[in-house]
Structure formats: C-alpha cells, structure tokens
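With PDB, C-alpha atoms inside, this is protein_30.pdb:
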ATOM      1  CA  MET P  18      -3.433  10.217  12.826
ATOM      2  CA  LEU P  19      -1.659  13.349  13.956
ATOM      3  CA  ALA P  20      -2.011  14.585  17.528
ATOM      4  CA  VAL P  21      -3.606  17.820  16.317
ATOM      5  CA  GLN P  22      -6.419  15.850  14.706
ATOM      6  CA  ALA P  23      -7.369  14.556  18.132
ATOM      7  CA  LYS P  24      -8.005  18.050  19.501
ATOM      8  CA  ASP P  25     -11.084  18.159  21.751
ATOM      9  CA  ARG P  26     -11.624  14.464  21.348
ATOM     10  CA  GLU P  27     -11.566  11.670  23.813
ATOM     11  CA  ILE P  28      -8.688   9.278  23.376
ATOM     12  CA  SER P  29      -8.725   5.745  24.621
ATOM     13  CA  THR P  30      -5.501   3.782  24.596
ATOM     14  CA  ILE P  31      -4.752   0.132  25.155
ATOM     15  CA  GLU P  32      -4.198   0.891  28.838
ATOM     16  CA  GLY P  33      -7.820   1.986  29.152
ATOM     17  CA  LEU P  34      -9.387  -1.239  27.948
ATOM     18  CA  ALA P  35      -9.014  -3.429  31.007
ATOM     19  CA  GLY P  36     -11.297  -3.082  34.008
ATOM     20  CA  LYS P  37     -10.374  -1.480  37.315
ATOM     21  CA  ASN P  38      -9.141  -4.732  38.774
ATOM     22  CA  GLY P  39      -7.164  -5.556  35.673
ATOM     23  CA  GLU P  40      -9.789  -7.878  34.207
ATOM     24  CA  TYR P  41      -9.683  -8.165  30.434
ATOM     25  CA  ASP P  42     -12.345  -6.590  28.278
ATOM     26  CA  PRO P  43     -13.933  -9.092  25.873
ATOM     27  CA  LEU P  44     -11.535  -8.346  23.038
ATOM     28  CA  GLN P  45      -8.450  -8.636  25.224
ATOM     29  CA  GLN P  46      -9.745 -11.945  26.519
ATOM     30  CA  ALA P  47     -10.458 -13.155  23.002
ATOM     31  CA  MET P  48      -7.002 -12.091  21.826
ATOM     32  CA  HIS P  49      -5.497 -14.103  24.667
ATOM     33  CA  ASP P  50      -7.726 -17.127  24.009
ATOM     34  CA  HIS P  51      -7.158 -17.189  20.250
ATOM     35  CA  HIS P  52      -3.467 -16.357  20.228
ATOM     36  CA  GLY P  53      -4.236 -13.107  18.458
ATOM     37  CA  LEU P  54      -0.819 -11.734  19.315
ATOM     38  CA  GLN P  55       2.702 -12.960  19.557
ATOM     39  CA  CYS P  56       5.341 -10.268  19.993
ATOM     40  CA  GLY P  57       2.576  -7.817  20.920
ATOM     41  CA  TYR P  58       4.437  -4.872  19.441
ATOM     42  CA  LEU P  59       1.472  -3.607  17.459
ATOM     43  CA  HIS P  60      -1.058  -4.617  20.013
ATOM     44  CA  ALA P  61      -1.480  -1.081  21.274
ATOM     45  CA  ARG P  62      -3.351  -0.518  18.048
ATOM     46  CA  HIS P  63      -5.010  -3.773  17.026
ATOM     47  CA  PRO P  64      -8.011  -3.442  19.349
ATOM     48  CA  HIS P  65      -8.738   0.062  18.093
ATOM     49  CA  ASP P  66      -8.828  -1.094  14.503
ATOM     50  CA  HIS P  67     -11.810  -3.177  15.465
ATOM     51  CA  ASP P  68     -13.578  -0.766  17.775
ATOM     52  CA  GLY P  69     -16.047   0.189  15.071
ATOM     53  CA  ILE P  70     -16.994  -3.397  14.411
ATOM     54  CA  LEU P  71     -17.431  -4.154  18.083
ATOM     55  CA  GLU P  72     -19.212  -0.930  19.033
ATOM     56  CA  ARG P  73     -21.686  -1.183  16.221
ATOM     57  CA  LYS P  74     -22.496  -4.595  17.632
ATOM     58  CA  THR P  75     -22.842  -5.879  14.119
ATOM     59  CA  PRO P  76     -24.773  -9.086  14.666
ATOM     60  CA  ARG P  77     -22.345 -11.129  12.677
ATOM     61  CA  PRO P  78     -19.403  -9.134  11.371
ATOM     62  CA  ALA P  79     -18.046 -10.454   8.108
ATOM     63  CA  LYS P  80     -14.645 -12.034   8.356
ATOM     64  CA  ARG P  81     -13.502 -10.083   5.358
ATOM     65  CA  ARG P  82     -14.496  -6.870   7.072
ATOM     66  CA  CYS P  83     -12.388  -7.764  10.101
ATOM     67  CA  ALA P  84      -9.498  -8.622   7.851
ATOM     68  CA  ARG P  85      -9.800  -5.308   6.045
ATOM     69  CA  ARG P  86      -9.794  -3.415   9.321
ATOM     70  CA  SER P  87      -6.513  -5.082  10.173
ATOM     71  CA  SER P  88      -4.868  -4.117   6.931
ATOM     72  CA  GLY P  89      -3.247  -0.963   8.309
ATOM     73  CA  ASN P  90      -1.426  -2.946  10.937
ATOM     74  CA  LEU P  91       1.383  -5.087   9.641
ATOM     75  CA  CYS P  92       1.507  -8.166  11.828
ATOM     76  CA  ARG P  93       4.161 -10.648  10.841
ATOM     77  CA  CYS P  94       3.634 -12.919  13.840
ATOM     78  CA  THR P  95       0.050 -14.050  13.606
ATOM     79  CA  GLY P  96      -0.723 -13.980   9.910
ATOM     80  CA  TYR P  97      -3.989 -12.226  10.883
ATOM     81  CA  GLN P  98      -6.041 -15.413  11.050
ATOM     82  CA  ASN P  99      -5.947 -15.485  14.812
ATOM     83  CA  ILE P 100      -6.671 -11.777  15.060
ATOM     84  CA  VAL P 101      -9.767 -12.197  12.912
ATOM     85  CA  ASP P 102     -10.805 -15.215  14.969
ATOM     86  CA  ALA P 103     -10.403 -13.175  18.150
ATOM     87  CA  VAL P 104     -12.436 -10.242  16.839
ATOM     88  CA  MET P 105     -15.222 -12.549  15.641
ATOM     89  CA  SER P 106     -15.293 -14.277  18.968
ATOM     90  CA  ALA P 107     -15.338 -11.002  20.921
ATOM     91  CA  ALA P 108     -18.122  -9.633  18.709
ATOM     92  CA  MET P 109     -20.268 -12.674  19.339
ATOM     93  CA  GLN P 110     -19.627 -12.499  23.050
ATOM     94  CA  MET P 111     -20.457  -8.798  23.282
ATOM     95  CA  ARG P 112     -23.626  -9.459  21.358
ATOM     96  CA  GLY P 113     -24.466 -11.837  24.174
TER      97      GLY P 113
ATOM     98  CA  MET H 215       3.936 -37.961  27.381
ATOM     99  CA  SER H 216       2.422 -35.010  29.159
ATOM    100  CA  THR H 217      -1.031 -33.981  28.001
ATOM    101  CA  ARG H 218      -0.416 -30.540  29.449
ATOM    102  CA  THR H 219       1.751 -29.570  26.528
ATOM    103  CA  PHE H 220       0.565 -31.978  23.862
ATOM    104  CA  GLY H 221      -2.816 -32.001  22.230
ATOM    105  CA  LYS H 222      -4.242 -28.781  23.569
ATOM    106  CA  PRO H 223      -3.624 -25.054  23.244
ATOM    107  CA  ILE H 224      -1.394 -23.435  25.834
ATOM    108  CA  LYS H 225      -2.195 -19.973  27.200
ATOM    109  CA  ARG H 226       0.784 -17.680  27.064
ATOM    110  CA  ASN H 227       2.147 -16.151  30.245
ATOM    111  CA  GLU H 228       3.380 -12.986  28.548
ATOM    112  CA  ASP H 229       0.014 -11.926  27.141
ATOM    113  CA  ARG H 230      -1.134  -9.841  30.090
ATOM    114  CA  ARG H 231       1.516  -7.177  29.863
ATOM    115  CA  LEU H 232       1.199  -7.067  26.085
ATOM    116  CA  LEU H 233      -2.587  -6.805  26.109
ATOM    117  CA  THR H 234      -2.701  -4.096  28.762
ATOM    118  CA  GLY H 235      -0.005  -1.855  27.328
ATOM    119  CA  GLN H 236       2.526  -2.608  30.038
ATOM    120  CA  ALA H 237       5.105  -4.283  27.822
ATOM    121  CA  LEU H 238       8.567  -2.808  27.504
ATOM    122  CA  PHE H 239      10.037  -2.761  24.015
ATOM    123  CA  ILE H 240      13.522  -1.637  23.014
ATOM    124  CA  ASP H 241      12.112   1.649  21.771
ATOM    125  CA  ASP H 242      10.774   2.361  25.282
ATOM    126  CA  VAL H 243      14.188   2.063  26.924
ATOM    127  CA  GLU H 244      15.716   5.333  28.118
ATOM    128  CA  LEU H 245      19.031   5.218  29.959
ATOM    129  CA  PRO H 246      21.061   8.127  31.347
ATOM    130  CA  GLY H 247      23.588   9.318  28.793
ATOM    131  CA  MET H 248      22.116   7.054  26.140
ATOM    132  CA  LEU H 249      23.298   7.653  22.584
ATOM    133  CA  HIS H 250      21.747   6.574  19.307
ATOM    134  CA  ALA H 251      23.443   4.950  16.350
ATOM    135  CA  ALA H 252      22.361   5.113  12.737
ATOM    136  CA  LEU H 253      23.945   3.313   9.825
ATOM    137  CA  LEU H 254      24.667   4.615   6.383
ATOM    138  CA  ARG H 255      23.935   1.669   4.140
ATOM    139  CA  SER H 256      24.849   0.890   0.569
ATOM    140  CA  GLN H 257      22.257   1.762  -2.063
ATOM    141  CA  VAL H 258      23.925  -0.433  -4.639
ATOM    142  CA  ALA H 259      24.655  -4.127  -4.835
ATOM    143  CA  HIS H 260      28.275  -4.069  -5.932
ATOM    144  CA  ALA H 261      30.626  -1.117  -5.999
ATOM    145  CA  LYS H 262      34.056   0.164  -5.075
ATOM    146  CA  ILE H 263      34.159   2.713  -2.270
ATOM    147  CA  ARG H 264      36.299   5.653  -3.312
ATOM    148  CA  LYS H 265      35.807   7.878  -0.310
ATOM    149  CA  ILE H 266      33.430   8.425   2.570
ATOM    150  CA  ASP H 267      33.720  11.844   4.172
ATOM    151  CA  VAL H 268      32.086  12.090   7.583
ATOM    152  CA  SER H 269      33.515  15.513   8.505
ATOM    153  CA  LYS H 270      30.244  17.363   7.798
ATOM    154  CA  ALA H 271      28.287  14.948   9.937
ATOM    155  CA  LEU H 272      30.695  15.549  12.807
ATOM    156  CA  GLN H 273      30.115  19.311  12.655
ATOM    157  CA  ARG H 274      26.436  18.944  13.447
ATOM    158  CA  PRO H 275      25.638  19.681  17.119
ATOM    159  CA  GLY H 276      24.525  16.525  18.844
ATOM    160  CA  VAL H 277      26.666  14.226  16.745
ATOM    161  CA  VAL H 278      29.150  12.488  19.006
ATOM    162  CA  ALA H 279      31.047  10.342  16.544
ATOM    163  CA  ALA H 280      31.019   8.990  13.017
ATOM    164  CA  TYR H 281      33.058   6.050  11.874
ATOM    165  CA  VAL H 282      33.950   4.333   8.641
ATOM    166  CA  ALA H 283      35.761   1.016   8.319
ATOM    167  CA  GLY H 284      39.210   2.642   8.430
ATOM    168  CA  ASP H 285      38.476   4.234  11.824
ATOM    169  CA  LEU H 286      37.874   0.933  13.532
ATOM    170  CA  GLY H 287      41.522  -0.195  13.655
ATOM    171  CA  ASP H 288      41.851  -3.658  15.138
ATOM    172  CA  TYR H 289      38.107  -3.903  15.650
ATOM    173  CA  TRP H 290      37.663  -4.144  11.918
ATOM    174  CA  ARG H 291      37.740  -7.859  11.250
ATOM    175  CA  PRO H 292      35.243 -10.545  10.284
ATOM    176  CA  GLY H 293      32.980 -11.409  13.191
ATOM    177  CA  PRO H 294      33.137 -14.711  15.052
ATOM    178  CA  VAL H 295      31.425 -17.871  13.863
ATOM    179  CA  LEU H 296      28.368 -17.844  16.126
ATOM    180  CA  VAL H 297      27.112 -21.278  15.129
ATOM    181  CA  PRO H 298      30.018 -23.703  14.773
ATOM    182  CA  PRO H 299      29.756 -26.522  12.247
ATOM    183  CA  PRO H 300      28.432 -29.851  13.501
ATOM    184  CA  PRO H 301      31.194 -32.232  14.656
ATOM    185  CA  ILE H 302      31.159 -34.465  11.599
ATOM    186  CA  ALA H 303      34.413 -36.179  10.644
ATOM    187  CA  GLY H 304      35.962 -34.887   7.438
ATOM    188  CA  ILE H 305      33.511 -31.987   7.090
ATOM    189  CA  VAL H 306      34.659 -29.024   5.012
ATOM    190  CA  PHE H 307      33.487 -25.796   6.566
ATOM    191  CA  ASN H 308      34.330 -22.492   4.916
ATOM    192  CA  ALA H 309      33.639 -19.857   7.541
ATOM    193  CA  ARG H 310      32.654 -16.535   5.994
ATOM    194  CA  THR H 311      31.387 -13.987   8.461
ATOM    195  CA  GLN H 312      30.451 -10.332   8.051
ATOM    196  CA  VAL H 313      32.718  -7.375   8.713
ATOM    197  CA  PRO H 314      31.269  -4.484  10.759
ATOM    198  CA  LEU H 315      31.540  -1.842   8.017
ATOM    199  CA  ALA H 316      32.349  -2.302   4.340
ATOM    200  CA  LYS H 317      35.932  -1.460   3.386
ATOM    201  CA  ASP H 318      36.953  -0.646  -0.218
ATOM    202  CA  LYS H 319      34.007  -2.508  -1.677
ATOM    203  CA  VAL H 320      30.313  -3.160  -1.054
ATOM    204  CA  ARG H 321      28.814  -6.514  -1.932
ATOM    205  CA  HIS H 322      25.115  -6.109  -1.280
ATOM    206  CA  VAL H 323      22.409  -3.471  -0.971
ATOM    207  CA  GLY H 324      22.098  -2.475   2.651
ATOM    208  CA  GLU H 325      25.680  -3.298   3.606
ATOM    209  CA  PRO H 326      26.732  -0.842   6.331
ATOM    210  CA  LEU H 327      29.225   1.803   5.167
ATOM    211  CA  ALA H 328      29.405   4.192   8.090
ATOM    212  CA  ILE H 329      27.927   4.618  11.531
ATOM    213  CA  VAL H 330      26.814   7.894  13.105
ATOM    214  CA  ILE H 331      26.482   8.177  16.887
ATOM    215  CA  ALA H 332      24.358  11.041  18.159
ATOM    216  CA  GLU H 333      22.436  12.286  21.150
ATOM    217  CA  SER H 334      19.115  11.514  19.531
ATOM    218  CA  ARG H 335      17.772   9.082  17.003
ATOM    219  CA  TYR H 336      16.544  12.051  14.975
ATOM    220  CA  ILE H 337      19.989  13.579  14.589
ATOM    221  CA  ALA H 338      21.684  10.247  13.960
ATOM    222  CA  GLU H 339      19.239   9.207  11.231
ATOM    223  CA  GLY H 340      19.261  12.651   9.700
ATOM    224  CA  ARG H 341      23.018  12.757   9.396
ATOM    225  CA  ALA H 342      23.207   9.285   7.943
ATOM    226  CA  ARG H 343      20.498  10.140   5.424
ATOM    227  CA  ARG H 344      22.119  13.388   4.285
ATOM    228  CA  HIS H 345      25.201  11.415   3.600
ATOM    229  CA  ARG H 346      23.301   9.005   1.473
ATOM    230  CA  ARG H 347      22.010  11.823  -0.704
ATOM    231  CA  ARG H 348      25.452  13.084  -1.542
ATOM    232  CA  THR H 349      27.102   9.781  -2.270
TER     233      THR H 349
END

Just give me the structure of the file as structure tokens.
Amino acid sequence: MLAVQAKDREISTIEGLAGKNGEYDPLQQAMHDHHGLQCGYLHARHPHDHDGILERKTPRPAKRRCARRSSGNLCRCTGYQNIVDAVMSAAMQMRG
Amino acid sequence: MSTRTFGKPIKRNEDRRLLTGQALFIDDVELPGMLHAALLRSQVAHAKIRKIDVSKALQRPGVVAAYVAGDLGDYWRPGPVLVPPPPIAGIVFNARTQVPLAKDKVRHVGEPLAIVIAESRYIAEGRARRHRRRT
C-alpha cells in the first residue's frame, strides 16, 4: 500500500496494539504463546493481515483462510503453522 | 535432567520488543556519517572479466568510492578459514575460501564484482544497478 492511499484514513501500527500499560492484545498474547514469531522482522505486519478475520469475529475462522491471509508475508522462521495456530487461538479468545 | 527446559514449551524473552514494535533491526540503525555499500554481482555463472569501469559511478554526487578487485591491493586475498577442521589425525583438509571481489574470472551467479560506497542506499544501489545494465 502506498502512503497516498492512506489519505484521510486511520492507521494503526504494531505499536498501537498493546494496552496502555503494555499488556498484550489477544493476538500478541497468542503469538507469544504459540511461538508465532521467531526473528520478528515481519511482525509489524502479521497482525494486520489477520485484522479482518479477528474483527469480523468469525465464529470459527477456517484455517485455510488464515493461511491465505498470511500469504503476502514471507515468513521463513515459523513455516506459518504457528502463526495460523496463534490467529485461531486469538479468534476463539476474542469470541469469548 | 531439568524439567524446566525439557518436556515443555519455553516462552521466549525477546518476544515483547518484537511484538510491540520496539525491536531494532539493522535497517533501523542510523549512525553519524554512515555510508552505504552496494555490490555489483555477476549475472552469469562462469565468465572471464575483461574490464570493469567504475569511473561513471564515481562521477555521481553522493558516491564516495567504488572498488574492483584490483583496487584492493593487499586486502585482496582469500578470507580466513572461519571453522577449522576437526583435530583428526591424518585428515586431509583442502581450505578454499572466498575472495572479496572476483578477479579475472567469475565462478558463480551472484559473485561480487565491484562495490559502490555512497551516502545513501538509494544512490549505492542505483549506481551498482546501472553498471549491471551496461556490462
């Protein structure tokens, strides 16, 4: 996405996910719990790939859907399995 | 045997800074007077090098230096053996290490031919790439 495409829009970055006291949001926590990151280089983007899935509060997001959302983010550390596990876990938790 | 490290997952200490965007990667490092290097790399697997002319690259504002193998003088030599052979009696170990820039001949795609040092990554990469087009 080019900066100009974000004109008049609200932008949330990885820094904006955690709470005021530094507590993890559910996806950050799940990423930590499931080893959804290793080098963390692409982690500024991973959570945003899955925003749609989490915001829609899909009752039970399909694993394949999670995997597809990750496809624009080349992660050579985790092999994606742990990322998908983390997203699934966060989705279930946010669903309550 | 400790059960703290065996038989159960271990939470990583480095996750917090990575998950909250506080991590520092090489690309984030800015130092005063920092320069950027870009390599011109071989496009072919096996070839003789007739000539590499870096004079045009040097004319570009922002380019600080450009070197080919011949410019490196005594620095041009095979690098050290970083992992020595295991101390096994009678072992035959043929050390073959890389040279910094190819001289006279390239032996694999991607072998460095020249290095451009510039004030920005943009200029350095650009100069190296222009070179590639002409060779």

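As for atom CA of H:Glu325 and atom CA of H:Ala342, they are spaced 13.5 Å apart.
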
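Note on the selection: in this file the PyMOL selection byres ((chain H and resi 282-288) around 7) comes out as Tyr281, Tyr289, Trp290, Leu315, Ala316, Lys317, Leu327, Ala328 and Ile329 of chain H.
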
Selected residues, C-alpha atoms, written as a JSON list (two decimals), keeping the file's coordinate frame, please.
[["chain", "number", "residue", "atom", "x", "y", "z"],
["H", 281, "TYR", "CA", 33.06, 6.05, 11.87],
["H", 289, "TYR", "CA", 38.11, -3.90, 15.65],
["H", 290, "TRP", "CA", 37.66, -4.14, 11.92],
["H", 315, "LEU", "CA", 31.54, -1.84, 8.02],
["H", 316, "ALA", "CA", 32.35, -2.30, 4.34],
["H", 317, "LYS", "CA", 35.93, -1.46, 3.39],
["H", 327, "LEU", "CA", 29.22, 1.80, 5.17],
["H", 328, "ALA", "CA", 29.40, 4.19, 8.09],
["H", 329, "ILE", "CA", 27.93, 4.62, 11.53]]

Provide as a CSV table (one decimal) with C-alpha atoms, in the frame of the given file the residues of chain H at most 8 Å from chain P, counting only C-alpha atoms.
chain,number,residue,atom,x,y,z
H,225,LYS,CA,-2.2,-20.0,27.2
H,226,ARG,CA,0.8,-17.7,27.1
H,229,ASP,CA,0.0,-11.9,27.1
H,232,LEU,CA,1.2,-7.1,26.1
H,233,LEU,CA,-2.6,-6.8,26.1
H,234,THR,CA,-2.7,-4.1,28.8
H,235,GLY,CA,0.0,-1.9,27.3
H,236,GLN,CA,2.5,-2.6,30.0
H,239,PHE,CA,10.0,-2.8,24.0

Determine, counting only C-alpha atoms, which protein, DNA and RNA residues have an atom within 9 Å of an atom of H:Arg291; residues of the same chain fewer than 6 positions away are not included. Present the result as a PyMOL selection string.
chain H and resi 312-314

From P:Cys83, P:His67, P:Val21, P:Asn38, residue lying nearest P:Tyr97 [all atoms listed in the file]
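Counting all atoms listed in the file, the residue closest to P:Tyr97 is P:Cys83.
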
Point-to-point distance in Å for atom CA of H:Gly324 and atom CA of H:Lys262
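A separation of 14.5 Å between them.
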
Quick check on the file I pasted: which residues fall under the PyMOL selection byres ((chain H and resi 275) around 12)? Write them as a list in words.
Lys270, Ala271, Leu272, Gln273, Arg274, Gly276, Val277, Val278, Ala279, Ile331, Ala332, Glu333, Ser334, Ile337, Ala338 and Arg341 of chain H

At what distance in Å, to one decimal, does atom CA of P:Ala47 lie from atom CA of P:Arg86?
16.8 Å

Could you list, as a CSV table (one decimal) with C-alpha atoms, in the frame of the given file, every residue matched by the PyMOL selection byres ((chain H and resi 293) around 6) in this structure?
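Contents of result.csv, as written:
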chain,number,residue,atom,x,y,z
H,292,PRO,CA,35.2,-10.5,10.3
H,294,PRO,CA,33.1,-14.7,15.1
H,311,THR,CA,31.4,-14.0,8.5
H,312,GLN,CA,30.5,-10.3,8.1

Counting all atoms listed in the file, closest pick from P:Lys80, P:Arg26, P:Pro43, P:His65 relative to P:Gln110 is P:Pro43
